[in-house]
Structures are given as structure tokens and as C-alpha cells.
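The data block below is run-v1.cif; it holds mmCIF, C-alpha atoms.
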```cif
data_my_file
#
loop_
_atom_site.group_PDB
_atom_site.id
_atom_site.type_symbol
_atom_site.label_atom_id
_atom_site.label_comp_id
_atom_site.auth_asym_id
_atom_site.auth_seq_id
_atom_site.Cartn_x
_atom_site.Cartn_y
_atom_site.Cartn_z
ATOM 1 C CA MET H 5 0.000 0.000 0.000
ATOM 2 C CA GLY H 6 2.231 3.135 0.469
ATOM 3 C CA LYS H 7 3.415 5.651 -2.080
ATOM 4 C CA LYS H 8 4.817 4.804 -5.461
ATOM 5 C CA ALA H 9 8.585 5.075 -5.757
ATOM 6 C CA ARG H 10 9.728 8.373 -7.179
ATOM 7 C CA ALA H 11 11.664 8.275 -10.442
ATOM 8 C CA ARG H 12 15.406 8.745 -10.077
ATOM 9 C CA VAL H 13 16.478 12.267 -11.006
ATOM 10 C CA LEU H 14 20.182 11.553 -11.496
ATOM 11 C CA ALA H 15 21.821 9.331 -14.094
ATOM 12 C CA ASP H 16 22.933 5.799 -13.232
ATOM 13 C CA HIS H 17 26.572 6.833 -12.878
ATOM 14 C CA GLN H 18 25.823 9.634 -10.359
ATOM 15 C CA ALA H 19 25.149 9.920 -6.636
ATOM 16 C CA LYS H 20 24.430 12.913 -4.432
ATOM 17 C CA ALA H 21 24.305 14.088 -0.849
ATOM 18 C CA VAL H 22 22.747 17.201 0.669
ATOM 19 C CA GLY H 23 23.939 19.043 3.755
ATOM 20 C CA ARG H 24 21.225 21.213 5.280
ATOM 21 C CA ALA H 25 21.269 23.832 8.034
ATOM 22 C CA ILE H 26 24.976 24.584 7.782
ATOM 23 C CA ARG H 27 25.632 27.533 10.076
ATOM 24 C CA THR H 28 27.345 29.934 7.686
ATOM 25 C CA SER H 29 26.303 32.309 4.949
ATOM 26 C CA PRO H 30 25.870 30.921 1.437
ATOM 27 C CA ARG H 31 28.513 33.326 0.162
ATOM 28 C CA LYS H 32 31.185 31.912 2.475
ATOM 29 C CA LEU H 33 30.088 28.338 1.785
ATOM 30 C CA ASN H 34 30.299 28.907 -1.961
ATOM 31 C CA LEU H 35 33.982 29.868 -1.640
ATOM 32 C CA VAL H 36 34.685 26.379 -0.269
ATOM 33 C CA ALA H 37 32.429 24.727 -2.872
ATOM 34 C CA GLN H 38 34.377 26.422 -5.678
ATOM 35 C CA VAL H 39 37.553 24.721 -4.517
ATOM 36 C CA ILE H 40 36.190 21.204 -5.068
ATOM 37 C CA ARG H 41 34.112 21.616 -8.234
ATOM 38 C CA GLY H 42 35.386 19.455 -11.087
ATOM 39 C CA LYS H 43 38.080 17.706 -9.046
ATOM 40 C CA SER H 44 38.383 14.009 -8.374
ATOM 41 C CA ALA H 45 36.839 12.896 -5.092
ATOM 42 C CA GLU H 46 40.226 12.035 -3.596
ATOM 43 C CA LYS H 47 41.737 15.449 -4.419
ATOM 44 C CA ALA H 48 38.623 17.229 -3.156
ATOM 45 C CA LEU H 49 38.849 15.394 0.194
ATOM 46 C CA ASN H 50 42.498 16.411 0.525
ATOM 47 C CA GLU H 51 41.667 20.043 -0.273
ATOM 48 C CA LEU H 52 38.929 20.095 2.366
ATOM 49 C CA THR H 53 41.055 18.344 4.982
ATOM 50 C CA PHE H 54 43.768 20.982 4.825
ATOM 51 C CA SER H 55 41.579 24.003 4.144
ATOM 52 C CA PRO H 56 41.874 26.778 6.752
ATOM 53 C CA ARG H 57 38.158 27.644 6.523
ATOM 54 C CA ARG H 58 35.908 26.560 9.383
ATOM 55 C CA VAL H 59 33.074 25.377 7.152
ATOM 56 C CA ALA H 60 35.363 23.022 5.183
ATOM 57 C CA GLY H 61 34.777 20.309 7.791
ATOM 58 C CA GLU H 62 31.015 20.373 7.154
ATOM 59 C CA VAL H 63 31.533 20.239 3.395
ATOM 60 C CA LYS H 64 33.926 17.322 3.844
ATOM 61 C CA LYS H 65 31.234 15.367 5.716
ATOM 62 C CA VAL H 66 28.758 15.944 2.882
ATOM 63 C CA LEU H 67 31.333 14.886 0.271
ATOM 64 C CA GLN H 68 32.110 11.716 2.229
ATOM 65 C CA SER H 69 28.372 10.996 2.379
ATOM 66 C CA ALA H 70 28.060 11.410 -1.406
ATOM 67 C CA ILE H 71 31.009 9.039 -1.926
ATOM 68 C CA ALA H 72 29.440 6.483 0.435
ATOM 69 C CA ASN H 73 26.107 6.777 -1.402
ATOM 70 C CA ALA H 74 27.867 6.161 -4.708
ATOM 71 C CA GLU H 75 29.660 3.101 -3.382
ATOM 72 C CA ASN H 76 26.890 1.463 -1.356
ATOM 73 C CA ASN H 77 23.678 2.466 -3.138
ATOM 74 C CA HIS H 78 24.776 2.661 -6.762
ATOM 75 C CA ASP H 79 27.796 0.321 -6.932
ATOM 76 C CA LEU H 80 30.145 2.917 -8.409
ATOM 77 C CA ASP H 81 33.936 2.690 -8.281
ATOM 78 C CA VAL H 82 35.237 5.113 -5.629
ATOM 79 C CA ASP H 83 38.566 5.640 -7.404
ATOM 80 C CA ASP H 84 36.835 6.998 -10.533
ATOM 81 C CA LEU H 85 34.523 9.500 -8.803
ATOM 82 C CA VAL H 86 34.578 13.193 -9.755
ATOM 83 C CA VAL H 87 32.709 16.072 -8.104
ATOM 84 C CA THR H 88 30.504 17.195 -10.990
ATOM 85 C CA GLU H 89 28.293 19.587 -9.049
ATOM 86 C CA ALA H 90 28.585 21.477 -5.778
ATOM 87 C CA SER H 91 25.698 23.909 -5.484
ATOM 88 C CA VAL H 92 24.998 26.178 -2.535
ATOM 89 C CA GLY H 93 21.652 27.628 -1.501
ATOM 90 C CA LYS H 94 20.038 29.700 1.225
ATOM 91 C CA ASN H 95 18.288 28.120 4.174
ATOM 92 C CA ILE H 96 16.613 29.662 7.212
ATOM 93 C CA VAL H 97 17.743 32.930 8.799
ATOM 94 C CA MET H 98 17.689 33.342 12.576
ATOM 95 C CA LYS H 99 16.661 36.879 13.483
ATOM 96 C CA ARG H 100 17.945 38.400 16.682
ATOM 97 C CA PHE H 101 17.867 41.901 18.155
ATOM 98 C CA MET H 102 20.531 43.739 20.064
ATOM 99 C CA ALA H 103 19.900 46.760 22.272
ATOM 100 C CA ARG H 104 21.252 50.030 20.947
ATOM 101 C CA ALA H 105 21.355 53.600 22.183
ATOM 102 C CA ARG H 106 18.238 55.579 23.169
ATOM 103 C CA GLY H 107 16.022 52.502 23.552
ATOM 104 C CA ARG H 108 16.363 51.285 20.002
ATOM 105 C CA GLY H 109 17.047 47.811 18.754
ATOM 106 C CA ALA H 110 19.246 46.650 15.883
ATOM 107 C CA SER H 111 18.422 43.478 14.006
ATOM 108 C CA ILE H 112 21.040 40.772 13.598
ATOM 109 C CA GLN H 113 20.600 38.084 10.965
ATOM 110 C CA LYS H 114 22.276 34.737 11.415
ATOM 111 C CA PRO H 115 22.033 32.905 8.064
ATOM 112 C CA PHE H 116 22.066 29.178 7.443
ATOM 113 C CA SER H 117 22.799 27.560 4.096
ATOM 114 C CA GLN H 118 22.749 24.195 2.397
ATOM 115 C CA ILE H 119 25.028 22.421 -0.048
ATOM 116 C CA THR H 120 24.287 19.730 -2.611
ATOM 117 C CA ILE H 121 27.204 17.667 -3.888
ATOM 118 C CA VAL H 122 26.829 15.363 -6.899
ATOM 119 C CA VAL H 123 29.596 12.889 -7.690
ATOM 120 C CA SER H 124 29.763 10.836 -10.855
ATOM 121 C CA GLU H 125 31.960 8.154 -12.290
ATOM 122 C CA LYS H 126 34.239 9.504 -14.994
ATOM 123 C CA GLU H 127 33.831 7.737 -18.281
ATOM 124 C CA LYS H 128 36.873 5.847 -19.403
ATOM 125 C CA LEU H 129 37.716 6.517 -23.003
ATOM 126 C CA LYS H 130 37.745 3.313 -24.985
ATOM 127 C CA PRO H 131 40.134 3.135 -27.933
ATOM 128 C CA ALA H 132 38.220 3.521 -31.181
ATOM 129 C CA LYS H 133 38.261 0.479 -33.408
ATOM 130 C CA LYS H 134 39.409 1.064 -36.954
ATOM 131 C CA ALA H 135 36.670 0.220 -39.411
ATOM 132 C CA ALA H 136 37.420 -1.848 -42.469
ATOM 133 C CA PRO H 137 38.011 0.345 -45.543
ATOM 134 C CA LYS H 138 35.026 0.816 -47.809
ATOM 135 C CA ALA H 139 35.071 -0.458 -51.391
ATOM 136 C CA GLU H 140 35.099 3.148 -52.651
ATOM 137 C CA ASP H 141 38.212 3.948 -50.622
ATOM 138 C CA VAL H 142 40.228 0.987 -51.869
ATOM 139 C CA VAL H 143 42.308 2.056 -54.860
ATOM 140 C CA SER H 144 43.964 -0.557 -57.044
ATOM 141 C CA GLU H 145 47.435 -0.105 -58.520
ATOM 142 C CA GLU H 146 45.991 0.371 -62.009
ATOM 143 C CA THR H 147 43.585 3.172 -61.035
ATOM 144 C CA LYS H 148 46.001 4.894 -58.687
ATOM 145 C CA PRO H 149 47.128 8.254 -60.084
ATOM 146 C CA ALA H 150 50.760 8.553 -61.045
ATOM 147 C CA VAL H 151 52.894 9.945 -58.264
ATOM 148 C CA LYS H 152 54.766 13.059 -59.236
ATOM 149 C CA LYS H 153 58.372 13.363 -58.228
ATOM 150 C CA PRO H 154 59.088 16.295 -55.994
ATOM 151 C CA VAL H 155 60.645 19.198 -57.841
ATOM 152 C CA ALA H 156 63.712 20.807 -56.323
ATOM 153 C CA LYS H 157 62.848 24.233 -54.993
ATOM 154 C CA LYS H 158 64.702 27.244 -56.301
ATOM 155 C CA ALA H 159 66.590 29.452 -53.936
ATOM 156 C CA PRO H 160 64.661 32.579 -53.034
ATOM 157 C CA ALA H 161 65.439 35.649 -55.108
ATOM 158 C CA LYS H 162 67.879 38.124 -53.616
ATOM 159 C CA LYS H 163 66.354 41.245 -52.240
ATOM 160 C CA ALA H 164 67.307 44.531 -53.846
ATOM 161 C CA ALA H 165 69.606 46.741 -51.805
ATOM 162 C CA PRO H 166 67.730 49.508 -49.999
ATOM 163 C CA LYS H 167 67.839 52.877 -51.717
ATOM 164 C CA LYS H 168 69.809 55.627 -50.068
ATOM 165 C CA LYS H 169 67.771 58.526 -48.866
ATOM 166 C CA SER H 170 68.667 61.813 -50.434
ATOM 167 C CA ALA H 171 69.488 64.647 -48.105
ATOM 168 C CA PRO H 172 67.009 67.495 -47.861
ATOM 169 C CA LYS H 173 67.610 70.375 -50.293
ATOM 170 C CA GLY H 174 68.693 72.724 -47.560
ATOM 171 C CA ASP H 175 71.638 70.455 -46.623
ATOM 172 C CA GLU H 176 72.993 70.228 -50.193
ATOM 173 C CA GLU H 177 73.680 73.932 -50.354
ATOM 174 C CA LYS H 178 75.788 73.841 -47.190
ATOM 175 C CA ALA H 179 78.051 71.088 -48.456
#
```

Starting from the file, give its structure as C-alpha cells.
Amino acid sequence: MGKKARARVLADHQAKAVGRAIRTSPRKLNLVAQVIRGKSAEKALNELTFSPRRVAGEVKKVLQSAIANAENNHDLDVDDLVVTEASVGKNIVMKRFMARARGRGASIQKPFSQITIVVSEKEKLKPAKKAAPKAEDVVSEETKPAVKKPVAKKAPAKKAAPKKKSAPKGDEEKA
């Protein structure tokens, strides 16, 4: 009885993980996400491990979750995984107030954000098989055009010597 299974959004060679309610602004989180986009999963983990940013630890957890999803749920090879997408979005904003002068209050916004990481298996390039030549392409010895012998190239022509500039008329009179 229950609901029908939802169709899979990603391709068969992809897996994803989502980290929600990460306590930092999306702008700061996106700086960390830019570092790992397009890199292999192993290199991305190394980058996050040694990153000086505080939020890198949270992003590393999400990346490890995406790798585990790829391995356990979709039977992908961990060594061939690449971070194809790392998108950052806004989440809730905690609103606080702080007392200011003359009985006023100043609002303070504490943003949360979320990150979605998609990893996919890189496609291995298979060597292309050479197709058999077509009947049109096969040329027999009789129909093959005669090969011309290369002609010896002539030496380039010598350049004419540059013409001497004549002195202005005013200088001729002085000499």
C-alpha cells in the first residue's frame, strides 16, 4: 500500500548528498564549494582536509556521504569519482535583536545555508576500433594516379639593396 517510488532524477553513474542547516552564509560556503568543483573525489577530500576555513569540515562530511552513497547504493567505483556539481543555496535565517542607544534595537541576521554535492563516475575513453576500408576507398594499382616526383625548390630571389635617402635640399647647399 504506500506511495509509489519516485523516479530517479540523477543518471545511473551519479550519486548525491545534501547538507542542510549549515551555520554559515551561502557566500562563504560557496567559496569552499568552488575549490572542489570538477576535481576528483580524492583530491577534493584532501583540499577540504587541509583548508583553513571553518566550514570546510562540514563540506567534507557531505562529500564523504556522497562518496558512500555512490559506493553502497549505486555500486560505483570510488577511485573513478569526480565532483561534478557542488551547489549552494540559502536556508533559514535566525533573526535576533541587540539593544542600541536611546532605547532602540538593531536586528542581527544569522544565516544558514545548504550544499548539494553530486559525484559521478568519470567515463573511461575506450580506444576507437578502426573500421574496415570501404570499397570506394580501396584504390587498385591500375587506377592509382601517377605519383609526381618532388621538384627541387629554387633558392629565393635576392632582395634589392635599400635605396639611399637623399638629403634634404637645404643640406645640399651647405656642403

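Across the structure, atom CA of Asn50 of chain H and atom CA of Val36 of chain H are spaced 12.7 Å apart.
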
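Take atom CA of Gln68 of chain H and atom CA of Met98 of chain H: the distance between them is 28.0 Å.
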
Counting only C-alpha atoms, what is within 8 Å of Gly93 of chain H, bar same-chain residues fewer than 4 positions away, as a PyMOL selection string?
-> chain H and resi 30+117-119

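Around segment 9-14 of chain H, within 12 Å and counting all atoms listed in the file, the residues found are H:Met5, H:Gly6, H:Lys7, H:Asp16, H:His17, H:Gln18, H:Ala19, H:Lys20, H:Ala21, H:Ala74, H:His78, H:Thr88, H:Glu89, H:Val122, H:Val123, H:Ser124, once anything fewer than 2 positions away on its own chain is removed.
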
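Between Ser55 of chain H and the candidates H:Val39, H:Leu67, H:Val97, H:Ala25, the tightest atom-to-atom separation, counting all atoms listed in the file, involves H:Val39.
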
Determine the residue set returned by the PyMOL selection byres ((chain H and resi 95) around 6) for the present structure, and present it as a PDB file with C-alpha atoms, in the frame of the given file.
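For reference, expr_31.pdb as written:
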```
ATOM      1  CA  LYS H  94      20.038  29.700   1.225  1.00  0.00           C
ATOM      2  CA  ILE H  96      16.613  29.662   7.212  1.00  0.00           C
ATOM      3  CA  PHE H 116      22.066  29.178   7.443  1.00  0.00           C
ATOM      4  CA  SER H 117      22.799  27.560   4.096  1.00  0.00           C
TER       5      SER H 117
END
```

Can you spell out as a PDB file with C-alpha atoms, keeping the file's coordinate frame the set of residues that the PyMOL selection byres ((chain H and resi 42) around 8) selects in the structure I just provided?
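What landed in out_25.pdb:
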```
ATOM      1  CA  ILE H  40      36.190  21.204  -5.068  1.00  0.00           C
ATOM      2  CA  ARG H  41      34.112  21.616  -8.234  1.00  0.00           C
ATOM      3  CA  LYS H  43      38.080  17.706  -9.046  1.00  0.00           C
ATOM      4  CA  SER H  44      38.383  14.009  -8.374  1.00  0.00           C
ATOM      5  CA  VAL H  86      34.578  13.193  -9.755  1.00  0.00           C
ATOM      6  CA  VAL H  87      32.709  16.072  -8.104  1.00  0.00           C
ATOM      7  CA  THR H  88      30.504  17.195 -10.990  1.00  0.00           C
ATOM      8  CA  GLU H  89      28.293  19.587  -9.049  1.00  0.00           C
TER       9      GLU H  89
END
```

Between atom CA of Thr28 of chain H and atom CA of Ala105 of chain H, distance in Å (one decimal) = 28.4 Å

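Nearest residue to Lys47 of chain H, choosing from H:Asn34, H:Leu85, H:Val66, H:Gly61 and counting all atoms listed in the file: H:Leu85.
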
Find the residues around Met102 of chain H up to 12 Å (all atoms listed in the file counted), leave out those fewer than 5 positions away in its own chain, and share them as a PyMOL selection string.
-> chain H and resi 107-113

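Considering only C-alpha atoms, the residue among H:Ala70, H:Lys163, H:Ala103, H:Leu35 positioned nearest to Leu49 of chain H is H:Ala70.
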
Residues at most 12 Å from Lys65 of chain H, counting only C-alpha atoms, excluding those fewer than 6 positions away in the same chain, as a PyMOL selection string?
-> chain H and resi 21-24+26+48-49+52-53+59+71-72+119-121

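Counting all atoms listed in the file, the residue from H:Asp81, H:Arg27, H:Glu62, H:Lys32 that sits nearest to Lys126 of chain H is H:Asp81.
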
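Among H:Asn73, H:Lys114, H:Pro166, H:Asp84, the residue with the shortest atom-to-atom distance to Phe101 of chain H, counting all atoms listed in the file, is H:Lys114.
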
Padding 5 Å on each side, edges along x, y and z: where is the centre of the box around the listed atoms of segment 103-107 of chain H, and how long are its edges in Å to one decimal? Output it as lines of an AutoDock Vina configuration file.
```
center_x = 18.7
center_y = 51.2
center_z = 22.2
size_x = 15.3
size_y = 18.8
size_z = 12.6
```
